[in-house]
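Visitor: Questions regarding the structure given below will be posed in turn.
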Amino acid sequence: MSDNQEQQDFWSAKAGEKWISNQREMDALLAPVLQLVLDHADLQAGETVLDIGCGAGTSTAQAAQLVGDTGHCKGLDIADTLLHHAKRELDRPNVAWLLADAQTHQFQSNTYDVMISRFGVMFFSDTVAAFANIRSTLKPQGRIVMAAWGPAPENPWFMLPAQAAKAQLGQMPKTDRSLPGPFAFENQGKVVEMLAEAGFSNIKTTNHALGLTAPNGLDSAAQLCCEIGSASAALQYFNGTAEDRQAIAARIAELFKPFETQVGLYIPASIHLFTAQAS
Ligand SMILES: C[S@@+](CC[C@H](N)C(=O)[O-])C[C@H]1O[C@@H](n2cnc3c(N)ncnc32)[C@H](O)[C@@H]1O
């Protein structure tokens with residue numbers, strides 16, 4: 001049994017399937033976050049890249065384009081549904097896929113120039129062990145670039161759907177946001193300490209105010225929130241009905257309305273970026 005069995009079950013089953021069926025919209029929404037990672041990764045032709053928690057593989061595929069035919073990218077994920085989908089959709093000569101737990105997989109040493117991750121590193125039961133394990137496969141000058149959600153209160157993409165779901169269904173049990181989950185890295189200082197403990201050097205972190213652009217507009221974004229994220233979690237927890245879902249989606253649309261602009265729905269987001277070197 002994996003150390004991260006709960007996450008494996010979560011991402012392999014319902015969450016993975018939902019992510020795949022909404023992949024286009026999710027990728028468009030989160031494109032600025034991937035761009036942030038790729039800008040800071042500064043990938044060069046011929047480099048070898050490991051994409052941790054690659055999910056449906058969009059980041060791996062984009063990194064593969066940047067390193068070109070002489071480079072190589074490996075997308076690693078714990079969820080078979082997502083990884084098999086990535087393999088089916090995005091197979092190309094300079095890409096490989098690995099179904100594994102990044103925390104415990106026995107990597108080959110001295111293999112990768114860069115580890116990248118968009119939102120794939122906040123789910124480890126032992127983050128220091130996972131970082132140390134990832135470091136073991138990097139080349140001596142290898143670097144890591146990873147993006148994680150900043151503080152929950154600064155991220156209306158989570159807060160407003162949670163508020164809409166609470167109004168309809170009631171309060172979800174309080175959880176510790178520092179536990180594995182989307183906000184496990186909201187405390188930048190703690191992540192820096194964990195990276196240092198895992199042996200990384202030259203650790204830097206910055207916060208970025210980005211805009212998530214929902215490609216299909218307000219109502220579609222509200223429906224998407226009932227599939228993935230805090231409203232979806234509440235609907236699942238309370239066994240919400242179709243009526244509950246419709247009421248929550250309508251309320252989310254109202255709450256997102258102030259973010260509508262002439263060029264579409266533009267939801268502010270607070271994103272942390274972490275960079276470091278293997279030695
Ligand atoms: C929020 S999704 C992000 C997916 C992708 N990086 C993206 O941005 O579209 C988090 C991903 O991390 C993966 N994950 C969680 N724990 C993991 C672990 N221990 N090892 C490898 N992948 C893991 C999940 O299966 C999921 O695909």
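By convention in this document, the chains of the structure tokens carry letters A, B, ... by their order, each chain's residues are numbered from 1, and ligands are numbered from 1 in the order they are shown.
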Which polymer residues have any atom within 8 Å of an atom of segment 12-19 of chain A, counting only C-alpha atoms, with same-chain residues fewer than 3 positions away left out, as an MDAnalysis selection string?

Guide: chainID A and resid 8:9 22:23 26 55:56 78:82 227:228

Visitor: Neighbours of ligand 1 within 7 Å, counting only C-alpha atoms and all ligand atoms, as a PyMOL selection string?

Guide: chain A and resi 4+7-8+11-12+27+52-59+76-79+82+100-103+117-121+123-124

Visitor: Considering only C-alpha atoms, tabulate each residue of segment 180-256 of chain A that lies at most 7 Å from segment 129-137 of chain A along with its nearest interatomic pair and the corresponding distance in Å to one decimal; arrange the rows by chain and ascending residue number and present them as a tab-separated table.

Guide:
residue	atom	partner	partner_atom	distance
A:Leu195	CA	A:Phe131	CA	6.6
A:Ala198	CA	A:Ala132	CA	4.5
A:Gly199	CA	A:Ala132	CA	6.7

Visitor: Would you output that residue set with C-alpha atoms, as a compact mmCIF listing (two decimals), in the first residue's frame?

Guide:
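Output contents, as saved in result_13.txt:
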# COMPACT_ATOMS: atom_id res chain seq x y z
CA LEU A 195 13.28 22.25 0.80
CA ALA A 198 15.63 17.91 1.91
CA GLY A 199 19.06 19.21 0.89

Visitor: Could you pull out all residues of segment 38-71 of chain A with a DSSP call of strand (DSSP E) and give them as JSON, numbers by chain?

Guide: {"A": [48, 49, 50, 51, 52]}

Visitor: If you measure from atom CA of Leu224 of chain A to atom CA of Ala249 of chain A, what distance in Å do you get, rounded to one decimal?

Guide: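 Distance between the two atoms: 8.7 Å.
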
Visitor: Need to verify the contact set: Ser178 of chain A, 10 Å, only C-alpha atoms, exclusion of same-chain residues closer than 6 positions in sequence. Can you return it as a VMD selection string?

Guide: chain A and resid 122 184 to 187 190

Visitor: Please indicate the distance in Å from atom CA of Gln35 of chain A to atom CA of Gly150 of chain A, rounded to one decimal place.

Guide: 16.6 Å

Visitor: Between A:Ala162, A:Leu169, A:Leu30, A:Ile271, single out the one closest to Asp244 of chain A, counting only C-alpha atoms.

Guide: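 Checking each candidate against Asp244 of chain A, we get A:Leu169 as the closest.
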
Visitor: Please return, as a tab-separated table (two decimals) with N, CA and C atoms, in the first residue's frame, all residues of segment 38-238 of chain A that DSSP assigns to alpha helix (DSSP H) on the basis of the backbone.

Guide:
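Wrote it out as out.tsv, contents follow:
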chain	number	residue	atom	x	y	z
A	38	LEU	N	7.04	27.69	-16.60
A	38	LEU	CA	7.95	27.52	-17.75
A	38	LEU	C	8.87	28.73	-17.92
A	39	ASP	N	8.35	29.92	-17.65
A	39	ASP	CA	9.20	31.12	-17.74
A	39	ASP	C	10.39	30.99	-16.78
A	40	HIS	N	10.11	30.54	-15.56
A	40	HIS	CA	11.19	30.45	-14.56
A	40	HIS	C	12.07	29.21	-14.77
A	41	ALA	N	11.53	28.20	-15.42
A	41	ALA	CA	12.33	26.98	-15.65
A	41	ALA	C	13.39	27.24	-16.72
A	58	THR	N	-0.46	18.11	-19.77
A	58	THR	CA	-0.28	19.31	-20.59
A	58	THR	C	1.08	19.97	-20.34
A	59	SER	N	1.47	20.05	-19.08
A	59	SER	CA	2.76	20.68	-18.74
A	59	SER	C	3.92	19.87	-19.31
A	60	THR	N	3.82	18.55	-19.26
A	60	THR	CA	4.89	17.69	-19.79
A	60	THR	C	5.04	17.94	-21.29
A	61	ALA	N	3.89	17.99	-21.98
A	61	ALA	CA	3.92	18.16	-23.43
A	61	ALA	C	4.52	19.53	-23.80
A	62	GLN	N	4.16	20.55	-23.05
A	62	GLN	CA	4.70	21.89	-23.37
A	62	GLN	C	6.20	21.95	-23.08
A	63	ALA	N	6.61	21.32	-21.99
A	63	ALA	CA	8.04	21.29	-21.67
A	63	ALA	C	8.80	20.53	-22.76
A	64	ALA	N	8.19	19.46	-23.26
A	64	ALA	CA	8.85	18.65	-24.31
A	64	ALA	C	9.09	19.48	-25.57
A	65	GLN	N	8.15	20.36	-25.87
A	65	GLN	CA	8.35	21.23	-27.04
A	65	GLN	C	9.54	22.14	-26.83
A	66	LEU	N	9.69	22.63	-25.60
A	66	LEU	CA	10.77	23.58	-25.32
A	66	LEU	C	12.15	22.92	-25.33
A	67	VAL	N	12.25	21.67	-24.89
A	67	VAL	CA	13.58	21.03	-24.88
A	67	VAL	C	13.90	20.39	-26.23
A	80	ASP	N	-3.50	6.49	-12.09
A	80	ASP	CA	-3.47	5.78	-13.37
A	80	ASP	C	-4.42	6.39	-14.41
A	81	THR	N	-5.62	6.82	-13.97
A	81	THR	CA	-6.59	7.39	-14.92
A	81	THR	C	-5.95	8.55	-15.69
A	82	LEU	N	-5.33	9.46	-14.95
A	82	LEU	CA	-4.75	10.65	-15.57
A	82	LEU	C	-3.54	10.29	-16.43
A	83	LEU	N	-2.69	9.43	-15.90
A	83	LEU	CA	-1.47	9.12	-16.63
A	83	LEU	C	-1.77	8.35	-17.92
A	84	HIS	N	-2.71	7.41	-17.85
A	84	HIS	CA	-3.07	6.67	-19.07
A	84	HIS	C	-3.67	7.60	-20.11
A	85	HIS	N	-4.45	8.55	-19.65
A	85	HIS	CA	-5.03	9.54	-20.56
A	85	HIS	C	-3.90	10.35	-21.22
A	86	ALA	N	-2.96	10.80	-20.41
A	86	ALA	CA	-1.83	11.59	-20.95
A	86	ALA	C	-1.08	10.77	-22.00
A	87	LYS	N	-0.84	9.53	-21.68
A	87	LYS	CA	-0.09	8.66	-22.59
A	87	LYS	C	-0.83	8.48	-23.92
A	88	ARG	N	-2.13	8.28	-23.81
A	88	ARG	CA	-2.95	8.10	-25.03
A	88	ARG	C	-2.94	9.36	-25.89
A	89	GLU	N	-3.11	10.51	-25.23
A	89	GLU	CA	-3.32	11.76	-25.98
A	89	GLU	C	-2.02	12.43	-26.42
A	90	LEU	N	-0.96	12.22	-25.64
A	90	LEU	CA	0.21	13.09	-25.85
A	90	LEU	C	1.49	12.31	-26.11
A	127	THR	N	6.45	15.54	3.00
A	127	THR	CA	6.96	16.40	1.93
A	127	THR	C	8.48	16.43	1.91
A	128	VAL	N	9.11	16.42	3.07
A	128	VAL	CA	10.58	16.46	3.09
A	128	VAL	C	11.13	15.19	2.43
A	129	ALA	N	10.54	14.04	2.76
A	129	ALA	CA	11.00	12.78	2.15
A	129	ALA	C	10.79	12.83	0.64
A	130	ALA	N	9.66	13.39	0.22
A	130	ALA	CA	9.38	13.47	-1.23
A	130	ALA	C	10.39	14.38	-1.92
A	131	PHE	N	10.66	15.54	-1.31
A	131	PHE	CA	11.63	16.46	-1.92
A	131	PHE	C	13.02	15.80	-1.99
A	132	ALA	N	13.41	15.12	-0.91
A	132	ALA	CA	14.73	14.47	-0.90
A	132	ALA	C	14.78	13.39	-1.98
A	133	ASN	N	13.69	12.68	-2.14
A	133	ASN	CA	13.65	11.63	-3.16
A	133	ASN	C	13.77	12.23	-4.56
A	134	ILE	N	13.08	13.33	-4.78
A	134	ILE	CA	13.15	14.00	-6.09
A	134	ILE	C	14.58	14.54	-6.31
A	135	ARG	N	15.17	15.08	-5.27
A	135	ARG	CA	16.53	15.62	-5.39
A	135	ARG	C	17.52	14.53	-5.80
A	156	PRO	N	-10.19	33.47	-4.77
A	156	PRO	CA	-11.65	33.36	-4.92
A	156	PRO	C	-12.10	32.13	-5.71
A	157	TRP	N	-11.21	31.58	-6.52
A	157	TRP	CA	-11.58	30.36	-7.26
A	157	TRP	C	-11.98	29.25	-6.30
A	158	PHE	N	-11.40	29.26	-5.08
A	158	PHE	CA	-11.78	28.26	-4.07
A	158	PHE	C	-12.79	28.83	-3.08
A	159	MET	N	-12.54	30.08	-2.64
A	159	MET	CA	-13.33	30.63	-1.54
A	159	MET	C	-14.79	30.83	-1.92
A	160	LEU	N	-15.04	31.38	-3.12
A	160	LEU	CA	-16.42	31.71	-3.46
A	160	LEU	C	-17.28	30.46	-3.71
A	161	PRO	N	-16.78	29.46	-4.42
A	161	PRO	CA	-17.57	28.22	-4.51
A	161	PRO	C	-17.82	27.58	-3.14
A	162	ALA	N	-16.81	27.67	-2.24
A	162	ALA	CA	-17.01	27.11	-0.89
A	162	ALA	C	-18.13	27.86	-0.18
A	163	GLN	N	-18.15	29.18	-0.35
A	163	GLN	CA	-19.20	30.02	0.27
A	163	GLN	C	-20.58	29.67	-0.30
A	164	ALA	N	-20.63	29.48	-1.61
A	164	ALA	CA	-21.92	29.14	-2.25
A	164	ALA	C	-22.40	27.77	-1.77
A	165	ALA	N	-21.47	26.83	-1.65
A	165	ALA	CA	-21.86	25.48	-1.22
A	165	ALA	C	-22.31	25.49	0.24
A	166	LYS	N	-21.64	26.28	1.06
A	166	LYS	CA	-22.01	26.35	2.49
A	166	LYS	C	-23.43	26.91	2.63
A	167	ALA	N	-23.74	27.93	1.84
A	167	ALA	CA	-25.08	28.53	1.93
A	167	ALA	C	-26.17	27.50	1.58
A	168	GLN	N	-25.88	26.60	0.69
A	168	GLN	CA	-26.88	25.62	0.25
A	168	GLN	C	-26.89	24.36	1.13
A	169	LEU	N	-25.68	23.91	1.53
A	169	LEU	CA	-25.59	22.57	2.14
A	169	LEU	C	-25.16	22.57	3.60
A	188	GLN	N	4.78	30.05	2.72
A	188	GLN	CA	6.01	29.94	1.91
A	188	GLN	C	7.22	29.58	2.77
A	189	GLY	N	7.29	30.17	3.97
A	189	GLY	CA	8.44	29.94	4.85
A	189	GLY	C	8.59	28.47	5.20
A	190	LYS	N	7.45	27.83	5.43
A	190	LYS	CA	7.49	26.41	5.80
A	190	LYS	C	8.01	25.56	4.63
A	191	VAL	N	7.61	25.92	3.43
A	191	VAL	CA	8.06	25.16	2.26
A	191	VAL	C	9.57	25.36	2.05
A	192	VAL	N	10.02	26.60	2.25
A	192	VAL	CA	11.46	26.88	2.12
A	192	VAL	C	12.24	26.00	3.12
A	193	GLU	N	11.73	25.93	4.36
A	193	GLU	CA	12.39	25.09	5.38
A	193	GLU	C	12.42	23.63	4.95
A	194	MET	N	11.31	23.16	4.38
A	194	MET	CA	11.25	21.74	3.98
A	194	MET	C	12.22	21.46	2.84
A	195	LEU	N	12.34	22.43	1.91
A	195	LEU	CA	13.28	22.25	0.80
A	195	LEU	C	14.71	22.20	1.33
A	196	ALA	N	15.01	23.07	2.31
A	196	ALA	CA	16.36	23.09	2.89
A	196	ALA	C	16.63	21.76	3.60
A	197	GLU	N	15.64	21.29	4.35
A	197	GLU	CA	15.80	20.03	5.07
A	197	GLU	C	16.04	18.86	4.11
A	217	GLY	N	-16.74	31.37	-20.14
A	217	GLY	CA	-17.64	32.33	-19.50
A	217	GLY	C	-18.16	31.91	-18.15
A	218	LEU	N	-19.02	32.78	-17.63
A	218	LEU	CA	-19.49	32.70	-16.25
A	218	LEU	C	-20.21	31.39	-15.90
A	219	ASP	N	-21.22	31.03	-16.68
A	219	ASP	CA	-22.03	29.86	-16.30
A	219	ASP	C	-21.23	28.57	-16.39
A	220	SER	N	-20.40	28.50	-17.40
A	220	SER	CA	-19.58	27.30	-17.56
A	220	SER	C	-18.57	27.20	-16.40
A	221	ALA	N	-18.00	28.33	-16.00
A	221	ALA	CA	-17.05	28.32	-14.87
A	221	ALA	C	-17.76	27.87	-13.59
A	222	ALA	N	-19.00	28.33	-13.41
A	222	ALA	CA	-19.75	27.96	-12.21
A	222	ALA	C	-20.04	26.45	-12.20
A	223	GLN	N	-20.36	25.92	-13.37
A	223	GLN	CA	-20.60	24.46	-13.46
A	223	GLN	C	-19.29	23.70	-13.20
A	224	LEU	N	-18.20	24.25	-13.73
A	224	LEU	CA	-16.90	23.60	-13.53
A	224	LEU	C	-16.56	23.50	-12.03
A	225	CYS	N	-16.92	24.54	-11.28
A	225	CYS	CA	-16.66	24.54	-9.84
A	225	CYS	C	-17.48	23.47	-9.11
A	230	SER	N	-13.74	23.16	-4.32
A	230	SER	CA	-14.41	23.18	-3.01
A	230	SER	C	-15.91	22.91	-3.08
A	231	ALA	N	-16.60	23.43	-4.10
A	231	ALA	CA	-18.05	23.17	-4.19
A	231	ALA	C	-18.29	21.69	-4.54
A	232	SER	N	-17.44	21.18	-5.40
A	232	SER	CA	-17.56	19.76	-5.77
A	232	SER	C	-17.37	18.88	-4.53
A	233	ALA	N	-16.37	19.24	-3.69
A	233	ALA	CA	-16.11	18.46	-2.47
A	233	ALA	C	-17.33	18.49	-1.55
A	234	ALA	N	-17.96	19.67	-1.43
A	234	ALA	CA	-19.13	19.78	-0.55
A	234	ALA	C	-20.30	18.97	-1.11
A	235	LEU	N	-20.50	19.04	-2.42
A	235	LEU	CA	-21.60	18.27	-3.03
A	235	LEU	C	-21.41	16.78	-2.78
A	236	GLN	N	-20.15	16.36	-2.85
A	236	GLN	CA	-19.87	14.95	-2.61
A	236	GLN	C	-20.08	14.60	-1.14
A	237	TYR	N	-19.57	15.45	-0.25
A	237	TYR	CA	-19.64	15.18	1.20
A	237	TYR	C	-21.10	15.09	1.67

Visitor: Looking at only C-alpha atoms, which of A:Lys204, A:His72, A:Arg245, A:Lys174 is the one that sits closest to Ala45 of chain A?

Guide: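 Using only C-alpha atoms, the shortest distance to Ala45 of chain A belongs to A:His72.
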
Visitor: Which residues are near Gly211 of chain A? Cut-off 10 Å, only C-alpha atoms, ignore same chain within fewer than 2 positions. Put them as a tab-separated table (two decimals) with N, CA and C atoms, in the first residue's frame.

Guide:
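As written to disk, out-v3.tsv reads:
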chain	number	residue	atom	x	y	z
A	29	LEU	N	-7.85	27.70	-18.06
A	29	LEU	CA	-7.93	28.48	-16.82
A	29	LEU	C	-6.56	28.60	-16.14
A	30	LEU	N	-5.85	27.48	-16.12
A	30	LEU	CA	-4.58	27.44	-15.38
A	30	LEU	C	-3.37	27.73	-16.26
A	31	ALA	N	-3.60	28.14	-17.50
A	31	ALA	CA	-2.48	28.41	-18.42
A	31	ALA	C	-1.49	29.44	-17.86
A	32	PRO	N	-1.96	30.51	-17.20
A	32	PRO	CA	-0.98	31.48	-16.68
A	32	PRO	C	-0.05	30.87	-15.63
A	33	VAL	N	-0.54	29.86	-14.91
A	33	VAL	CA	0.30	29.22	-13.89
A	33	VAL	C	1.39	28.38	-14.56
A	208	HIS	N	2.83	35.55	-6.78
A	208	HIS	CA	2.41	36.18	-8.05
A	208	HIS	C	0.90	36.36	-8.06
A	209	ALA	N	0.49	37.58	-8.38
A	209	ALA	CA	-0.94	37.84	-8.56
A	209	ALA	C	-1.26	37.58	-10.03
A	213	THR	N	-8.24	32.97	-16.51
A	213	THR	CA	-9.29	33.34	-17.46
A	213	THR	C	-10.11	32.11	-17.81
A	214	ALA	N	-11.39	32.17	-17.45
A	214	ALA	CA	-12.29	31.04	-17.72
A	214	ALA	C	-12.73	31.15	-19.19
A	259	PHE	N	-16.11	39.65	-11.54
A	259	PHE	CA	-14.85	39.39	-12.25
A	259	PHE	C	-15.05	39.33	-13.77
A	265	LEU	N	-14.23	36.17	-18.32
A	265	LEU	CA	-14.20	36.07	-16.86
A	265	LEU	C	-12.75	35.95	-16.41
A	266	TYR	N	-12.33	36.82	-15.51
A	266	TYR	CA	-10.92	36.95	-15.15
A	266	TYR	C	-10.83	36.91	-13.62
A	267	ILE	N	-10.48	35.73	-13.08
A	267	ILE	CA	-10.54	35.54	-11.63
A	267	ILE	C	-9.14	35.71	-11.02
A	268	PRO	N	-8.99	36.67	-10.09
A	268	PRO	CA	-7.66	36.87	-9.52
A	268	PRO	C	-7.20	35.65	-8.72
A	269	ALA	N	-5.91	35.40	-8.78
A	269	ALA	CA	-5.35	34.25	-8.05
A	269	ALA	C	-4.01	34.61	-7.46
A	270	SER	N	-3.74	34.05	-6.28
A	270	SER	CA	-2.47	34.26	-5.60
A	270	SER	C	-1.69	32.95	-5.69
A	271	ILE	N	-0.56	33.00	-6.39
A	271	ILE	CA	0.20	31.78	-6.65
A	271	ILE	C	1.62	31.92	-6.11

Visitor: In Å, how far is it from atom CA of Asp91 of chain A to atom CA of Leu43 of chain A?

Guide: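 Computing it gives 19.9 Å between the two atoms.
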
Visitor: Considering only C-alpha atoms, state which residue in the set A:Gln106, A:Thr206, A:Tyr112, A:Ile248 is at the smallest distance from Gly170 of chain A.

Guide: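 Under the stated criterion, the closest residue is A:Ile248.
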
Visitor: Quick one: everything within 6 Å of Ile144 of chain A, counting only C-alpha atoms, minus sequence neighbours fewer than 6 positions away in the same chain. Send it as an NGL selection string.

Guide: :A and (114-116 or 275-276)

Visitor: Which residue out of A:Ala278, A:Leu34, A:Leu212, A:Val263 has the minimum interatomic distance to Met146 of chain A when only C-alpha atoms are used?

Guide: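 Checking each of A:Ala278, A:Leu34, A:Leu212, A:Val263 against Met146 of chain A, counting only C-alpha atoms, the winner is A:Leu34.
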
Visitor: Nearest to Arg143 of chain A: which of A:Leu50, A:Leu179, A:Ala96, A:Cys73 is it, counting only C-alpha atoms?

Guide: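 Under the stated criterion, the closest residue is A:Leu50.
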